[in-house]
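Report on one structure; see the data block that follows.
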Amino acid sequence: MPGKPVLHYFNGRGRMEPVRWLLAAAGVEFEEKFLKTRDDLARLRNDGSLMFQQVPMAEVDGMKLVQTKAILNYIASKYNLYGKDIKERALIDMYSEGVADLELMVLYFPHMPPGEKDAALATIKDKARNRYFPAYEKVLKSHEQDYLVGNRLSRADVSLVELLYHVEELDPSALANFPLLEALRTRVSNLPTVKKFLQPGSQRKPFDDAKCVESTKTIFS
Amino acid sequence: METKPKLYYFHGRGRMESIRWLLAAAGVEFEEEFLETREQYEKLQKDGRLLFDQVPLVEIDGMPLTQSRAILSYLAAKYNLYGKDLKERLRIDMYADGTLDLMLMIAQAPFKPPKEKEESYALVVKRAKTRYFPVFEKILKDHGEDFLVGNQLSWADIQLLEAILMVEELSAPVLSDFPLLQAFKTRISNIPTIKKFLQPGSQRKPPPDAHYVEVVRNVLNF
């Protein structure tokens with residue numbers, strides 16, 4: 001009998017946060033084992049748990065999954081958040097990859113050297129407001145449906161809404177000119193599973209703070 | 001009757017080369033339009049075919065697809081190179097993504113200052129030998145089959161062959177400790193569609209040179 005998924009990562013957002021969001025949106029309960037020291041990482045490497053010596057790693061269905069995209073693809077397929085055919089999947093993938101590109105900058109931002117942060121923040125704001133948000137607003141406008149693809153919830157909506165929250169933390173008025181994105185965010189946030197995940201006390205992680213950044217430097221040094 | 005897929009990119013490898021490999025391996029003829037000027041790129045943007053103002057762009061089955069990984073997944077699924085079920089697809093994704101990480105390092109290196117470029121290439125060879133190739137050697141050893149997943153050709157095999165050849169360009173003896181990968185390389189290279197793609201005159205692109213870097217910088221303005 002399959003147990004709950006177990007996520008192996010440090011206690012912070014990093015590259016694991018999109019996996020937490022997707023599992024939560026799918027209504028899947030999961031456990032977490034947090035890496036706290038360099039030894040924790042070494043142990044996982046030495047027992048062969050990490051295919052390419054890297055985390056994230058998710059234990060799911062008796063397997064040790066690595067590579068964030070592969071993990072997200074598997075979860076999306078398993079829980080019917082990946083469209084109804086390969087053409088829908090192509091659109092979902094294209095939209096999800098765009099989100100992932102900006103999300104990577106956002107999730108990495110707290111871990112950047114102080115001298116590089118100002119430039120990084122300017123890039124994030126520019127890309128969000130001038131490249132990514134307009135693209136998704138246009139998609140929603142083009143078909144006037146409630147979700148990005150196929151008139152139903154997919155992983156693309158979940159990851160985009162996650163991104164909107166994250167960008168807003170760094171740039172509070174970023175969503176000002178994007179009414180359809182705001183509407184999507186409200187709609188997705190009101191889904192029972194997502195609503196629950198947005199409550200305090202859920203497994204959603206806060207902005208990676210200085211303590212978290214210090215800790216990850218040690219683990220990954 | 002289907003029209004041929006059309007690829008829009010620079011005349012070089014970059015992030016389009018894996019797509020060329022996959023199409024070629026699947027025996028699918030494709031057309032290419034090469035970006036040489038900023039004006040061409042701006043026209044593509046104005047036409048609204050670049051969702052995030054980025055190439056690669058592949059027009060296929062009536063869709064303007066961007067994001068190389070999305071394109072690769074679509075092609076793999078369409079041409080039966082994505083395994084027979086969800087678990088096989090997962091393994092193909094993991095192996096392909098690991099390989100793509102390595103290849104991204106190679107694709108980005110030419111745009112760095114000379115010293116960092118050399119360091120990047122050295123790191124690629126080191127990672128290939130210590131992090132990536134041992135994994136695939138072990139996979140082949142453990143199941144003793146000809147292909148990485150499900151005893152049939154998949155995207156993962158094509159991606160790995162491409163990566164092996166690219167790393168060999170940086171360090172010819174890189175496979176010396178990996179006998180099963182050597183046999184794998186020979187075997188996959190001899191598949192008729194791939195053999196044809198490896199011949200001179202195919203749509204396979206050469207390694208990046210100074211001219212390529214210059215064109216990309218001009219077109220993308222960085």
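Numbering starts fresh at 1 for the residues of each chain in the structure tokens, the chains themselves are lettered A, B, ... in the order given, and ligands are numbered from 1 as they appear.
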- Which residues, written as a list in words, have at least one atom at most 10 Å from stretch 165-171 of chain B, with only C-alpha atoms counted and residues fewer than 6 positions away on the same chain left out?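 Contacts, in chain order: Leu102, Met103, Ile106, Tyr121, Ala122, Val124, Val125, Ala128, Lys129, Lys185 and Pro207 of chain B.
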Using the selection just defined, write its residues with N, CA, C and O atoms as a PDB file, in the first residue's frame.
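This is the output file selection-v2.pdb:
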ATOM      1  N   LEU B 102      23.404  19.143 -18.001  1.00  0.00           N
ATOM      2  CA  LEU B 102      24.785  19.115 -18.474  1.00  0.00           C
ATOM      3  C   LEU B 102      24.917  19.903 -19.774  1.00  0.00           C
ATOM      4  O   LEU B 102      25.833  20.704 -19.954  1.00  0.00           O
ATOM      5  N   MET B 103      23.964  19.712 -20.671  1.00  0.00           N
ATOM      6  CA  MET B 103      24.052  20.352 -21.969  1.00  0.00           C
ATOM      7  C   MET B 103      23.807  21.850 -21.897  1.00  0.00           C
ATOM      8  O   MET B 103      24.330  22.616 -22.702  1.00  0.00           O
ATOM      9  N   ILE B 106      27.018  23.501 -21.354  1.00  0.00           N
ATOM     10  CA  ILE B 106      27.784  23.599 -22.594  1.00  0.00           C
ATOM     11  C   ILE B 106      27.247  24.740 -23.454  1.00  0.00           C
ATOM     12  O   ILE B 106      28.005  25.525 -24.022  1.00  0.00           O
ATOM     13  N   TYR B 121      33.862  24.662 -19.329  1.00  0.00           N
ATOM     14  CA  TYR B 121      34.071  23.429 -20.101  1.00  0.00           C
ATOM     15  C   TYR B 121      34.730  22.355 -19.242  1.00  0.00           C
ATOM     16  O   TYR B 121      34.378  21.180 -19.309  1.00  0.00           O
ATOM     17  N   ALA B 122      35.683  22.772 -18.401  1.00  0.00           N
ATOM     18  CA  ALA B 122      36.352  21.810 -17.521  1.00  0.00           C
ATOM     19  C   ALA B 122      35.342  21.207 -16.544  1.00  0.00           C
ATOM     20  O   ALA B 122      35.359  19.997 -16.266  1.00  0.00           O
ATOM     21  N   VAL B 124      32.130  20.900 -17.053  1.00  0.00           N
ATOM     22  CA  VAL B 124      31.256  20.006 -17.822  1.00  0.00           C
ATOM     23  C   VAL B 124      31.866  18.609 -17.885  1.00  0.00           C
ATOM     24  O   VAL B 124      31.190  17.602 -17.626  1.00  0.00           O
ATOM     25  N   VAL B 125      33.159  18.549 -18.235  1.00  0.00           N
ATOM     26  CA  VAL B 125      33.825  17.248 -18.368  1.00  0.00           C
ATOM     27  C   VAL B 125      33.854  16.531 -17.021  1.00  0.00           C
ATOM     28  O   VAL B 125      33.560  15.331 -16.921  1.00  0.00           O
ATOM     29  N   ALA B 128      30.365  15.345 -16.172  1.00  0.00           N
ATOM     30  CA  ALA B 128      30.011  14.210 -17.034  1.00  0.00           C
ATOM     31  C   ALA B 128      30.617  12.929 -16.452  1.00  0.00           C
ATOM     32  O   ALA B 128      29.933  11.916 -16.303  1.00  0.00           O
ATOM     33  N   LYS B 129      31.891  13.000 -16.091  1.00  0.00           N
ATOM     34  CA  LYS B 129      32.604  11.806 -15.650  1.00  0.00           C
ATOM     35  C   LYS B 129      32.231  11.365 -14.244  1.00  0.00           C
ATOM     36  O   LYS B 129      32.314  10.182 -13.919  1.00  0.00           O
ATOM     37  N   LYS B 185      26.776   4.129 -27.363  1.00  0.00           N
ATOM     38  CA  LYS B 185      27.049   5.177 -28.353  1.00  0.00           C
ATOM     39  C   LYS B 185      27.072   4.591 -29.754  1.00  0.00           C
ATOM     40  O   LYS B 185      26.437   5.109 -30.685  1.00  0.00           O
ATOM     41  N   PRO B 207      29.727  23.006 -33.635  1.00  0.00           N
ATOM     42  CA  PRO B 207      29.921  23.661 -32.334  1.00  0.00           C
ATOM     43  C   PRO B 207      29.937  25.184 -32.514  1.00  0.00           C
ATOM     44  O   PRO B 207      30.256  25.687 -33.592  1.00  0.00           O
TER      45      PRO B 207
END
- Residues within 10 Å of B:Lys78, only C-alpha atoms, excluding chain neighbours under 4 positions, as a PyMOL selection string: (chain A and resi 86-87) or (chain B and resi 26+72-74+82)
- Query: Which polymer residues have any atom within 10 Å of an atom of A:Lys64, counting only C-alpha atoms, with same-chain residues fewer than 2 positions away left out, as a list in words?
  - Reply: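 Contacts, in chain order: Pro5, Val6, Leu7, His8, Gly48, Ser49, Leu50, Met51, Met57, Ala58, Glu59, Val60, Asp61, Gly62, Val66 and Ile71 of chain A.
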- Query: Between B:Gly48, B:Gly150, B:Pro208, B:Pro200, which one has atoms that come closest to chain A, using only C-alpha atoms?
  - Reply: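 Closest candidate: B:Gly48.
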Distance cut-off 7 Å, counting only C-alpha atoms - which residues of chain A neighbour chain B? Return them as a PDB file with N, CA, C and O atoms, in the first residue's frame.
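So the final result, stored in selection_33.pdb, reads:
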ATOM      1  N   PHE A  52      21.376  12.167  -9.219  1.00  0.00           N
ATOM      2  CA  PHE A  52      22.462  13.033  -9.689  1.00  0.00           C
ATOM      3  C   PHE A  52      23.069  13.820  -8.531  1.00  0.00           C
ATOM      4  O   PHE A  52      23.558  14.938  -8.714  1.00  0.00           O
ATOM      5  N   VAL A  66      13.882  12.478  -8.717  1.00  0.00           N
ATOM      6  CA  VAL A  66      14.701  13.696  -8.712  1.00  0.00           C
ATOM      7  C   VAL A  66      14.397  14.477  -9.974  1.00  0.00           C
ATOM      8  O   VAL A  66      13.690  13.999 -10.850  1.00  0.00           O
ATOM      9  N   GLN A  67      14.989  15.696 -10.054  1.00  0.00           N
ATOM     10  CA  GLN A  67      14.718  16.609 -11.170  1.00  0.00           C
ATOM     11  C   GLN A  67      13.314  17.201 -11.022  1.00  0.00           C
ATOM     12  O   GLN A  67      12.303  16.528 -11.274  1.00  0.00           O
ATOM     13  N   ALA A  70      10.652  16.648 -13.687  1.00  0.00           N
ATOM     14  CA  ALA A  70      10.179  15.268 -13.758  1.00  0.00           C
ATOM     15  C   ALA A  70       9.189  14.981 -12.631  1.00  0.00           C
ATOM     16  O   ALA A  70       8.167  14.322 -12.839  1.00  0.00           O
ATOM     17  N   TYR A  74       5.177  14.121 -13.164  1.00  0.00           N
ATOM     18  CA  TYR A  74       4.590  12.889 -12.645  1.00  0.00           C
ATOM     19  C   TYR A  74       3.357  13.182 -11.796  1.00  0.00           C
ATOM     20  O   TYR A  74       2.301  12.551 -11.972  1.00  0.00           O
ATOM     21  N   ILE A  86      -2.245  15.375 -25.932  1.00  0.00           N
ATOM     22  CA  ILE A  86      -0.866  15.889 -26.003  1.00  0.00           C
ATOM     23  C   ILE A  86      -0.808  17.347 -26.430  1.00  0.00           C
ATOM     24  O   ILE A  86       0.131  18.064 -26.074  1.00  0.00           O
ATOM     25  N   ALA A  90       1.032  20.186 -24.367  1.00  0.00           N
ATOM     26  CA  ALA A  90       2.054  21.070 -24.940  1.00  0.00           C
ATOM     27  C   ALA A  90       1.844  22.509 -24.468  1.00  0.00           C
ATOM     28  O   ALA A  90       2.791  23.203 -24.090  1.00  0.00           O
ATOM     29  N   ASP A  93       2.647  22.707 -20.773  1.00  0.00           N
ATOM     30  CA  ASP A  93       4.103  22.686 -20.596  1.00  0.00           C
ATOM     31  C   ASP A  93       4.711  24.045 -20.937  1.00  0.00           C
ATOM     32  O   ASP A  93       5.569  24.554 -20.218  1.00  0.00           O
ATOM     33  N   MET A  94       4.290  24.613 -22.053  1.00  0.00           N
ATOM     34  CA  MET A  94       4.852  25.899 -22.477  1.00  0.00           C
ATOM     35  C   MET A  94       4.585  26.961 -21.405  1.00  0.00           C
ATOM     36  O   MET A  94       5.485  27.711 -21.003  1.00  0.00           O
ATOM     37  N   GLU A  97       6.630  26.188 -18.198  1.00  0.00           N
ATOM     38  CA  GLU A  97       8.057  26.460 -18.354  1.00  0.00           C
ATOM     39  C   GLU A  97       8.338  27.957 -18.218  1.00  0.00           C
ATOM     40  O   GLU A  97       9.340  28.358 -17.638  1.00  0.00           O
ATOM     41  N   ARG A 131       7.196  40.959 -19.548  1.00  0.00           N
ATOM     42  CA  ARG A 131       7.259  39.755 -20.377  1.00  0.00           C
ATOM     43  C   ARG A 131       6.215  38.724 -19.957  1.00  0.00           C
ATOM     44  O   ARG A 131       5.393  38.288 -20.755  1.00  0.00           O
ATOM     45  N   TYR A 132       6.251  38.314 -18.708  1.00  0.00           N
ATOM     46  CA  TYR A 132       5.463  37.146 -18.326  1.00  0.00           C
ATOM     47  C   TYR A 132       4.005  37.470 -18.031  1.00  0.00           C
ATOM     48  O   TYR A 132       3.094  36.834 -18.574  1.00  0.00           O
ATOM     49  N   ALA A 135       1.966  38.098 -21.066  1.00  0.00           N
ATOM     50  CA  ALA A 135       1.748  36.885 -21.868  1.00  0.00           C
ATOM     51  C   ALA A 135       0.572  36.090 -21.326  1.00  0.00           C
ATOM     52  O   ALA A 135      -0.313  35.661 -22.081  1.00  0.00           O
TER      53      ALA A 135
END
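The strand (DSSP E or B) portion of stretch 29-192 of chain B consists of Glu31, Glu32, Glu33, Phe34, Leu57, Val58, Glu59, Ile60, Met63, Pro64, Leu65 and Thr66 of chain B, with states taken from DSSP on the backbone.
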Can you write just those residues out, all heavy atoms, as a compact mmCIF listing (two decimals), in the first residue's frame?
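The resulting selection05.txt:
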# COMPACT_ATOMS: atom_id res chain seq x y z
N GLU B 31 11.75 22.02 -41.63
CA GLU B 31 12.34 23.21 -42.26
C GLU B 31 12.91 24.11 -41.18
O GLU B 31 12.52 24.02 -40.02
CB GLU B 31 11.25 23.97 -43.02
CG GLU B 31 10.81 23.25 -44.28
CD GLU B 31 9.61 23.92 -44.94
OE1 GLU B 31 9.25 25.04 -44.55
OE2 GLU B 31 9.05 23.27 -45.86
N GLU B 32 13.82 24.99 -41.61
CA GLU B 32 14.43 25.90 -40.64
C GLU B 32 14.48 27.31 -41.21
O GLU B 32 14.79 27.50 -42.38
CB GLU B 32 15.86 25.46 -40.31
CG GLU B 32 15.96 24.09 -39.70
CD GLU B 32 17.29 23.81 -39.07
OE1 GLU B 32 17.55 24.33 -37.97
OE2 GLU B 32 18.09 23.08 -39.69
N GLU B 33 14.19 28.29 -40.34
CA GLU B 33 14.45 29.68 -40.69
C GLU B 33 15.48 30.20 -39.69
O GLU B 33 15.27 30.10 -38.47
CB GLU B 33 13.15 30.50 -40.60
CG GLU B 33 13.34 31.91 -41.13
CD GLU B 33 12.02 32.66 -41.29
OE1 GLU B 33 11.13 32.14 -42.02
OE2 GLU B 33 11.86 33.72 -40.68
N PHE B 34 16.57 30.74 -40.22
CA PHE B 34 17.68 31.13 -39.34
C PHE B 34 17.63 32.62 -39.04
O PHE B 34 17.53 33.45 -39.95
CB PHE B 34 19.01 30.76 -39.97
CG PHE B 34 19.16 29.28 -40.19
CD1 PHE B 34 19.24 28.76 -41.47
CD2 PHE B 34 19.20 28.41 -39.12
CE1 PHE B 34 19.36 27.39 -41.67
CE2 PHE B 34 19.31 27.04 -39.31
CZ PHE B 34 19.38 26.52 -40.59
N LEU B 57 11.54 28.67 -31.38
CA LEU B 57 10.14 28.61 -31.77
C LEU B 57 10.03 27.44 -32.75
O LEU B 57 10.83 27.34 -33.68
CB LEU B 57 9.70 29.90 -32.45
CG LEU B 57 8.38 29.87 -33.24
CD1 LEU B 57 7.19 29.66 -32.31
CD2 LEU B 57 8.20 31.15 -34.05
N VAL B 58 9.03 26.59 -32.54
CA VAL B 58 8.75 25.52 -33.50
C VAL B 58 7.27 25.60 -33.86
O VAL B 58 6.41 25.52 -32.98
CB VAL B 58 9.08 24.12 -32.92
CG1 VAL B 58 8.64 23.03 -33.88
CG2 VAL B 58 10.56 23.99 -32.61
N GLU B 59 7.00 25.77 -35.14
CA GLU B 59 5.61 25.74 -35.59
C GLU B 59 5.31 24.30 -35.99
O GLU B 59 5.92 23.76 -36.91
CB GLU B 59 5.38 26.69 -36.75
CG GLU B 59 5.41 28.14 -36.30
CD GLU B 59 5.30 29.13 -37.44
OE1 GLU B 59 5.55 28.75 -38.60
OE2 GLU B 59 4.97 30.30 -37.17
N ILE B 60 4.38 23.69 -35.28
CA ILE B 60 4.06 22.29 -35.53
C ILE B 60 2.60 22.04 -35.23
O ILE B 60 2.09 22.53 -34.21
CB ILE B 60 4.99 21.35 -34.71
CG1 ILE B 60 4.70 19.88 -35.04
CG2 ILE B 60 4.89 21.61 -33.22
CD1 ILE B 60 5.75 18.91 -34.50
N MET B 63 0.47 24.85 -34.06
CA MET B 63 0.78 25.56 -32.82
C MET B 63 2.16 26.22 -32.91
O MET B 63 3.11 25.60 -33.36
CB MET B 63 0.85 24.58 -31.64
CG MET B 63 -0.43 23.83 -31.34
SD MET B 63 -0.22 22.71 -29.92
CE MET B 63 0.88 21.48 -30.59
N PRO B 64 2.24 27.50 -32.47
CA PRO B 64 3.57 28.09 -32.33
C PRO B 64 4.13 27.74 -30.95
O PRO B 64 3.77 28.36 -29.96
CB PRO B 64 3.32 29.60 -32.44
CG PRO B 64 1.89 29.79 -32.01
CD PRO B 64 1.18 28.47 -32.10
N LEU B 65 4.97 26.72 -30.87
CA LEU B 65 5.45 26.27 -29.56
C LEU B 65 6.79 26.90 -29.23
O LEU B 65 7.71 26.88 -30.04
CB LEU B 65 5.61 24.74 -29.53
CG LEU B 65 4.36 23.88 -29.50
CD1 LEU B 65 4.76 22.42 -29.32
CD2 LEU B 65 3.42 24.29 -28.38
N THR B 66 6.90 27.43 -28.04
CA THR B 66 8.19 27.88 -27.52
C THR B 66 8.45 27.14 -26.22
O THR B 66 7.60 26.38 -25.76
CB THR B 66 8.23 29.40 -27.28
OG1 THR B 66 7.17 29.76 -26.37
CG2 THR B 66 8.06 30.15 -28.56
- Task: Give me, please, the distance in Å between atom CA of B:Pro110 and atom CA of A:Ala128, quoted to one decimal.
- Result: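 Computing the Euclidean distance for atom CA of B:Pro110 and atom CA of A:Ala128 yields 27.4 Å.
In terms of minimum interatomic distance to A:Ser173, A:Arg129 ranks closest within A:Lys78, A:Arg129, A:Pro18, A:Lys138, counting only C-alpha atoms.
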- Item | B:Ala76, B:Val213, B:Leu160, B:Leu7 ranked by distance to B:Lys112, top pick (using only C-alpha atoms) |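 Between B:Ala76, B:Val213, B:Leu160, B:Leu7, the residue approaching B:Lys112 most closely is B:Val213.
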- Quick one: of A:Phe133, A:Phe178, A:Tyr9, A:Phe220, who's nearest to A:Thr68, counting only C-alpha atoms?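 Closest candidate: A:Tyr9.
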Can you pull out every residue within 8 Å of A:Lys4, counting only C-alpha atoms, but drop anything in the same chain fewer than 2 positions away, and send it as a PDB file with N, CA, C and O atoms, in the first residue's frame?
ATOM      1  N   PRO A   2       0.722   2.108  -0.969  1.00  0.00           N
ATOM      2  CA  PRO A   2       1.613   3.276  -1.054  1.00  0.00           C
ATOM      3  C   PRO A   2       1.371   4.218   0.108  1.00  0.00           C
ATOM      4  O   PRO A   2       0.250   4.490   0.491  1.00  0.00           O
ATOM      5  N   VAL A   6       7.122  11.642   0.445  1.00  0.00           N
ATOM      6  CA  VAL A   6       8.036  12.268   1.397  1.00  0.00           C
ATOM      7  C   VAL A   6       8.981  13.160   0.607  1.00  0.00           C
ATOM      8  O   VAL A   6       9.655  12.693  -0.315  1.00  0.00           O
ATOM      9  N   VAL A  28      -3.174  16.161  -1.978  1.00  0.00           N
ATOM     10  CA  VAL A  28      -2.356  15.015  -1.562  1.00  0.00           C
ATOM     11  C   VAL A  28      -1.580  15.367  -0.298  1.00  0.00           C
ATOM     12  O   VAL A  28      -0.790  16.299  -0.297  1.00  0.00           O
ATOM     13  N   GLU A  29      -1.790  14.616   0.753  1.00  0.00           N
ATOM     14  CA  GLU A  29      -1.013  14.838   1.974  1.00  0.00           C
ATOM     15  C   GLU A  29       0.400  14.330   1.775  1.00  0.00           C
ATOM     16  O   GLU A  29       0.617  13.293   1.150  1.00  0.00           O
ATOM     17  N   PHE A  30       1.361  15.092   2.293  1.00  0.00           N
ATOM     18  CA  PHE A  30       2.750  14.675   2.145  1.00  0.00           C
ATOM     19  C   PHE A  30       3.543  14.983   3.410  1.00  0.00           C
ATOM     20  O   PHE A  30       3.147  15.822   4.219  1.00  0.00           O
ATOM     21  N   GLU A  31       4.644  14.248   3.564  1.00  0.00           N
ATOM     22  CA  GLU A  31       5.554  14.485   4.690  1.00  0.00           C
ATOM     23  C   GLU A  31       6.823  15.130   4.170  1.00  0.00           C
ATOM     24  O   GLU A  31       7.118  15.083   2.983  1.00  0.00           O
ATOM     25  N   VAL A  60       7.954   8.896  -3.919  1.00  0.00           N
ATOM     26  CA  VAL A  60       6.554   8.787  -4.343  1.00  0.00           C
ATOM     27  C   VAL A  60       6.343   7.403  -4.934  1.00  0.00           C
ATOM     28  O   VAL A  60       7.140   6.960  -5.768  1.00  0.00           O
TER      29      VAL A  60
END
- Output as a ChimeraX atom specification all residues of stretch 123-190 of chain B that backbone DSSP marks as alpha helix (DSSP H). /B:123-127,133-143,155-170,179-189
